[in-house]
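Peer 1: You'll find upload04.cif just under this line, and it carries mmCIF, C-alpha atoms, pLDDT in the B column; chains and numbers go by the auth columns.
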```
data_my_file
loop_
_atom_site.group_PDB
_atom_site.id
_atom_site.type_symbol
_atom_site.label_atom_id
_atom_site.label_comp_id
_atom_site.label_asym_id
_atom_site.label_seq_id
_atom_site.Cartn_x
_atom_site.Cartn_y
_atom_site.Cartn_z
_atom_site.B_iso_or_equiv
_atom_site.auth_seq_id
_atom_site.auth_asym_id
ATOM 1 C CA MET A 1 64.451 60.769 71.658 47.00 30 C
ATOM 2 C CA SER A 2 64.651 56.985 71.314 51.00 31 C
ATOM 3 C CA GLN A 3 63.884 54.509 74.055 56.00 32 C
ATOM 4 C CA ALA A 4 66.230 54.193 76.996 59.00 33 C
ATOM 5 C CA ARG A 5 69.150 51.872 76.262 63.00 34 C
ATOM 6 C CA PRO A 6 71.235 49.819 78.648 62.00 35 C
ATOM 7 C CA THR A 7 73.817 52.061 80.281 77.00 36 C
ATOM 8 C CA SER A 8 76.533 49.579 81.207 87.00 37 C
ATOM 9 C CA PRO A 9 79.897 51.255 80.635 88.00 38 C
ATOM 10 C CA GLY A 10 80.788 48.835 77.838 87.00 39 C
ATOM 11 C CA THR A 11 77.518 49.259 75.953 88.00 40 C
ATOM 12 C CA LEU A 12 77.506 53.019 76.429 88.00 41 C
ATOM 13 C CA ALA A 13 81.140 53.262 75.289 90.00 42 C
ATOM 14 C CA GLY A 14 80.267 51.641 71.985 90.00 43 C
ATOM 15 C CA GLU A 15 77.202 53.839 71.465 89.00 44 C
ATOM 16 C CA LEU A 16 79.133 57.029 72.273 89.00 45 C
ATOM 17 C CA ARG A 17 82.035 56.055 70.023 92.00 46 C
ATOM 18 C CA VAL A 18 79.747 55.437 67.060 93.00 47 C
ATOM 19 C CA GLY A 19 77.727 58.616 67.634 92.00 48 C
ATOM 20 C CA ALA A 20 80.778 60.813 68.203 92.00 49 C
ATOM 21 C CA ASN A 21 82.547 59.464 65.107 93.00 50 C
ATOM 22 C CA ARG A 22 79.494 60.078 62.921 95.00 51 C
ATOM 23 C CA LEU A 23 79.113 63.616 64.236 94.00 52 C
ATOM 24 C CA VAL A 24 82.798 64.415 63.681 93.00 53 C
ATOM 25 C CA ARG A 25 82.646 63.064 60.113 93.00 54 C
ATOM 26 C CA LYS A 26 79.587 65.205 59.354 93.00 55 C
ATOM 27 C CA LEU A 27 81.237 68.301 60.854 92.00 56 C
ATOM 28 C CA ARG A 28 84.448 67.739 58.886 91.00 57 C
ATOM 29 C CA HIS A 29 82.431 67.833 55.669 90.00 58 C
ATOM 30 C CA GLN A 30 81.542 71.447 56.480 90.00 59 C
ATOM 31 C CA ARG A 31 84.557 73.269 55.108 90.00 60 C
ATOM 32 C CA GLY A 32 85.583 76.816 54.339 88.00 61 C
ATOM 33 C CA GLN A 33 85.901 78.466 50.954 87.00 62 C
ATOM 34 C CA ALA A 34 89.113 76.613 50.060 90.00 63 C
ATOM 35 C CA ASP A 35 87.661 73.174 50.899 90.00 64 C
ATOM 36 C CA LEU A 36 90.899 72.203 52.646 94.00 65 C
ATOM 37 C CA PRO A 37 91.555 68.605 53.626 94.00 66 C
ATOM 38 C CA GLU A 38 91.194 68.172 57.385 93.00 67 C
ATOM 39 C CA HIS A 39 94.935 67.637 57.984 94.00 68 C
ATOM 40 C CA GLN A 40 95.654 71.066 56.453 96.00 69 C
ATOM 41 C CA PHE A 41 92.900 72.739 58.455 96.00 70 C
ATOM 42 C CA VAL A 42 94.294 71.209 61.651 96.00 71 C
ATOM 43 C CA VAL A 43 97.686 72.814 60.931 97.00 72 C
ATOM 44 C CA LEU A 44 96.021 76.212 60.502 98.00 73 C
ATOM 45 C CA THR A 45 94.234 75.853 63.844 97.00 74 C
ATOM 46 C CA ALA A 46 97.477 74.771 65.552 97.00 75 C
ATOM 47 C CA LEU A 47 99.252 77.885 64.272 98.00 76 C
ATOM 48 C CA ASN A 48 96.277 79.984 65.352 98.00 77 C
ATOM 49 C CA LYS A 49 96.396 78.533 68.858 97.00 78 C
ATOM 50 C CA PHE A 50 100.154 78.267 69.441 97.00 79 C
ATOM 51 C CA GLY A 51 101.614 80.907 67.133 96.00 80 C
ATOM 52 C CA PRO A 52 104.461 80.549 64.634 96.00 81 C
ATOM 53 C CA MET A 53 106.262 77.203 64.709 95.00 82 C
ATOM 54 C CA THR A 54 108.896 75.300 62.781 94.00 83 C
ATOM 55 C CA PRO A 55 107.694 72.535 60.458 95.00 84 C
ATOM 56 C CA GLY A 56 109.425 70.052 62.785 94.00 85 C
ATOM 57 C CA ALA A 57 107.495 71.324 65.798 95.00 86 C
ATOM 58 C CA LEU A 58 104.259 71.146 63.788 97.00 87 C
ATOM 59 C CA ALA A 59 105.085 67.572 62.756 97.00 88 C
ATOM 60 C CA ASP A 60 105.688 66.619 66.397 96.00 89 C
ATOM 61 C CA LEU A 61 102.485 68.312 67.509 95.00 90 C
ATOM 62 C CA GLU A 62 100.387 66.545 64.856 95.00 91 C
ATOM 63 C CA GLY A 63 102.183 63.216 65.117 95.00 92 C
ATOM 64 C CA VAL A 64 103.346 63.056 61.501 96.00 93 C
ATOM 65 C CA ARG A 65 106.735 62.713 59.850 96.00 94 C
ATOM 66 C CA PRO A 66 108.571 65.923 58.910 94.00 95 C
ATOM 67 C CA PRO A 67 108.421 65.292 55.120 95.00 96 C
ATOM 68 C CA SER A 68 104.637 64.955 55.354 96.00 97 C
ATOM 69 C CA MET A 69 104.408 68.220 57.282 97.00 98 C
ATOM 70 C CA THR A 70 106.646 69.932 54.730 95.00 99 C
ATOM 71 C CA ARG A 71 104.190 68.938 51.968 96.00 100 C
ATOM 72 C CA THR A 72 101.271 70.198 54.058 97.00 101 C
ATOM 73 C CA VAL A 73 103.001 73.516 54.796 97.00 102 C
ATOM 74 C CA ASN A 74 103.905 73.964 51.128 97.00 103 C
ATOM 75 C CA ALA A 75 100.274 73.412 50.105 97.00 104 C
ATOM 76 C CA LEU A 76 99.146 75.990 52.676 98.00 105 C
ATOM 77 C CA VAL A 77 101.756 78.458 51.374 98.00 106 C
ATOM 78 C CA GLU A 78 100.360 77.976 47.848 97.00 107 C
ATOM 79 C CA HIS A 79 96.885 78.860 49.155 96.00 108 C
ATOM 80 C CA GLY A 80 98.306 81.932 50.889 97.00 109 C
ATOM 81 C CA PHE A 81 97.174 80.658 54.304 98.00 110 C
ATOM 82 C CA VAL A 82 100.656 80.511 55.849 98.00 111 C
ATOM 83 C CA SER A 83 103.996 82.111 55.158 97.00 112 C
ATOM 84 C CA LYS A 84 107.518 80.875 55.784 95.00 113 C
ATOM 85 C CA LEU A 85 109.928 83.128 57.626 93.00 114 C
ATOM 86 C CA ALA A 86 113.685 82.659 57.834 90.00 115 C
ATOM 87 C CA ASN A 87 115.098 82.136 61.308 77.00 116 C
ATOM 88 C CA ASP A 88 117.476 84.962 62.237 78.00 117 C
ATOM 89 C CA GLN A 89 119.753 82.659 64.291 79.00 118 C
ATOM 90 C CA ASP A 90 119.802 79.673 61.894 78.00 119 C
ATOM 91 C CA LYS A 91 119.283 80.501 58.218 77.00 120 C
ATOM 92 C CA ARG A 92 118.599 76.828 57.445 82.00 121 C
ATOM 93 C CA GLN A 93 115.563 76.821 59.740 88.00 122 C
ATOM 94 C CA ILE A 94 112.197 78.328 58.853 92.00 123 C
ATOM 95 C CA THR A 95 109.198 79.302 60.905 95.00 124 C
ATOM 96 C CA VAL A 96 105.653 78.881 59.636 97.00 125 C
ATOM 97 C CA GLN A 97 103.246 81.714 60.395 97.00 126 C
ATOM 98 C CA LEU A 98 99.501 82.047 59.829 98.00 127 C
ATOM 99 C CA THR A 99 98.467 84.802 57.389 98.00 128 C
ATOM 100 C CA PRO A 100 95.299 86.908 57.553 98.00 129 C
ATOM 101 C CA GLN A 101 93.875 84.714 54.758 97.00 130 C
ATOM 102 C CA GLY A 102 94.572 81.662 56.931 97.00 131 C
ATOM 103 C CA ARG A 103 92.736 83.249 59.858 97.00 132 C
ATOM 104 C CA ASN A 104 89.802 84.010 57.564 96.00 133 C
ATOM 105 C CA GLU A 105 89.702 80.391 56.372 96.00 134 C
ATOM 106 C CA ILE A 106 89.585 79.195 59.984 97.00 135 C
ATOM 107 C CA LYS A 107 86.739 81.628 60.753 96.00 136 C
ATOM 108 C CA GLU A 108 84.764 80.589 57.675 96.00 137 C
ATOM 109 C CA THR A 109 85.195 76.872 58.344 96.00 138 C
ATOM 110 C CA ARG A 110 84.123 77.294 61.971 95.00 139 C
ATOM 111 C CA ARG A 111 81.178 79.445 60.888 96.00 140 C
ATOM 112 C CA ARG A 112 79.990 76.784 58.448 95.00 141 C
ATOM 113 C CA ARG A 113 80.436 74.007 61.002 95.00 142 C
ATOM 114 C CA ASP A 114 78.570 75.963 63.652 96.00 143 C
ATOM 115 C CA ALA A 115 75.781 76.796 61.180 96.00 144 C
ATOM 116 C CA TRP A 116 75.368 73.127 60.231 96.00 145 C
ATOM 117 C CA LEU A 117 75.304 72.011 63.856 95.00 146 C
ATOM 118 C CA THR A 118 72.927 74.834 64.847 96.00 147 C
ATOM 119 C CA LYS A 119 70.530 73.693 62.131 96.00 148 C
ATOM 120 C CA GLN A 120 70.688 70.099 63.371 95.00 149 C
ATOM 121 C CA LEU A 121 70.124 71.163 66.975 95.00 150 C
ATOM 122 C CA GLY A 122 67.204 73.372 65.911 95.00 151 C
ATOM 123 C CA SER A 123 65.340 70.280 64.750 96.00 152 C
ATOM 124 C CA LEU A 124 65.434 68.795 68.256 95.00 153 C
ATOM 125 C CA SER A 125 62.959 69.361 71.047 96.00 154 C
ATOM 126 C CA PRO A 126 63.923 71.687 73.906 95.00 155 C
ATOM 127 C CA GLU A 127 64.127 68.615 76.151 96.00 156 C
ATOM 128 C CA ASP A 128 66.539 66.880 73.796 96.00 157 C
ATOM 129 C CA ARG A 129 68.694 70.023 73.582 96.00 158 C
ATOM 130 C CA GLN A 130 68.769 70.166 77.399 96.00 159 C
ATOM 131 C CA THR A 131 69.870 66.530 77.495 94.00 160 C
ATOM 132 C CA LEU A 132 72.638 67.337 74.997 93.00 161 C
ATOM 133 C CA ALA A 133 73.736 70.330 77.077 94.00 162 C
ATOM 134 C CA GLN A 134 74.152 68.017 80.060 94.00 163 C
ATOM 135 C CA ALA A 135 75.883 65.388 77.936 93.00 164 C
ATOM 136 C CA SER A 136 78.266 68.040 76.582 93.00 165 C
ATOM 137 C CA GLU A 137 79.474 68.786 80.094 93.00 166 C
ATOM 138 C CA LEU A 138 79.959 65.066 80.782 93.00 167 C
ATOM 139 C CA LEU A 139 81.856 64.573 77.530 92.00 168 C
ATOM 140 C CA LYS A 140 84.203 67.439 78.412 92.00 169 C
ATOM 141 C CA ARG A 141 84.794 65.846 81.801 93.00 170 C
ATOM 142 C CA ILE A 142 85.528 62.443 80.213 91.00 171 C
ATOM 143 C CA ALA A 143 87.935 64.112 77.758 89.00 172 C
ATOM 144 C CA GLY A 144 89.713 65.833 80.629 88.00 173 C
ATOM 145 C CA HIS A 145 88.900 69.433 79.703 64.00 174 C
#
```
Mind converting the file's structure to structure tokens?
Peer 2:
Amino acid sequence: MSQARPTSPGTLAGELRVGANRLVRKLRHQRGQADLPEHQFVVLTALNKFGPMTPGALADLEGVRPPSMTRTVNALVEHGFVSKLANDQDKRQITVQLTPQGRNEIKETRRRRDAWLTKQLGSLSPEDRQTLAQASELLKRIAGH
């Protein structure tokens, strides 16, 4: 590990922001078989977590405009990762549902990301991994989880 750095909140905030952003970028490069763009993968994980949703609800959840979400959903349909179901009460409305292929893509992407990170962590000393374990708990607390 490098030398101790000043730990004022402002200095530490900058260091954490840079380190976290670099790590996230590296992890996002580890993709599943389909090599989906991150915004499409995020939609798959939202459907996996929350269940079937309308494109409008997905757009609200992800903070994008409905036409953008419609394009994303259509691309995922083409891959076979989601399906569109007609709403029984309102035939104009559709619901987007994750398919088994979509679940497999999520699993494969997470497996590849975990494998990459495991390899990186394996190159660290046990002391550094212990420090990261403690930092992980602090980061979760800061993030409110």
Peer 1: Work out how far apart atom CA of C:Ser152 and atom CA of C:Thr138 are and give it in Å to one decimal.
Peer 2: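 Answer for the atom CA of C:Ser152 to atom CA of C:Thr138 separation: 21.9 Å.
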Peer 1: The PyMOL selection byres ((chain C and resi 115) around 12) on the file shown: which residues, as a list of chain:residue names?
Peer 2: C:Pro81, C:Met82, C:Thr83, C:Ser112, C:Lys113, C:Leu114, C:Asn116, C:Asp117, C:Gln118, C:Asp119, C:Lys120, C:Arg121, C:Gln122, C:Ile123, C:Thr124, C:Val125, C:Gln126
Peer 1: Given the point (103.1, 75.1, 54.7) in the file's coordinates, find the residues that have an atom at most 12 Å from it, counting all atoms listed in the file, and give them as a ChimeraX atom specification.
Peer 2: /C:68-73,76,81-85,87-88,95-114,123-128,131
Peer 1: For each of C:Ala144, C:Leu41, C:Val47, C:Leu90, take the minimum atom-to-atom distance to C:Gly61, counting all atoms listed in the file, then give the residue where this is smallest.
Peer 2: C:Ala144
Peer 1: Between C:Leu65, C:Asn50, C:Thr40, C:Leu45, which is the closest to C:Ile135 once you count only C-alpha atoms?
Peer 2: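 Distance minimum relative to C:Ile135 lands on C:Leu65.
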Peer 1: Provide the atom CA of C:Leu146 to atom CA of C:Gln130 distance in Å, to one decimal place.
Peer 2: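 Atom-to-atom, atom CA of C:Leu146 and atom CA of C:Gln130 are spaced 24.3 Å apart.
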Peer 1: C:Ser165, C:Arg141, C:Arg170, C:Ser154: which is nearest C:Ala49, counting only C-alpha atoms?
Peer 2: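 So, comparing all the options, the nearest one is C:Ser165.
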Peer 1: Do you know which residues are at most 8 Å from C:Trp145 counting only C-alpha atoms, after dropping those on the same chain fewer than 3 positions away, and could you put them as a list in words?
Peer 2: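 My reading of the contact set: Leu56, Gln59, Arg141, Arg142, Lys148 and Gln149 of chain C.
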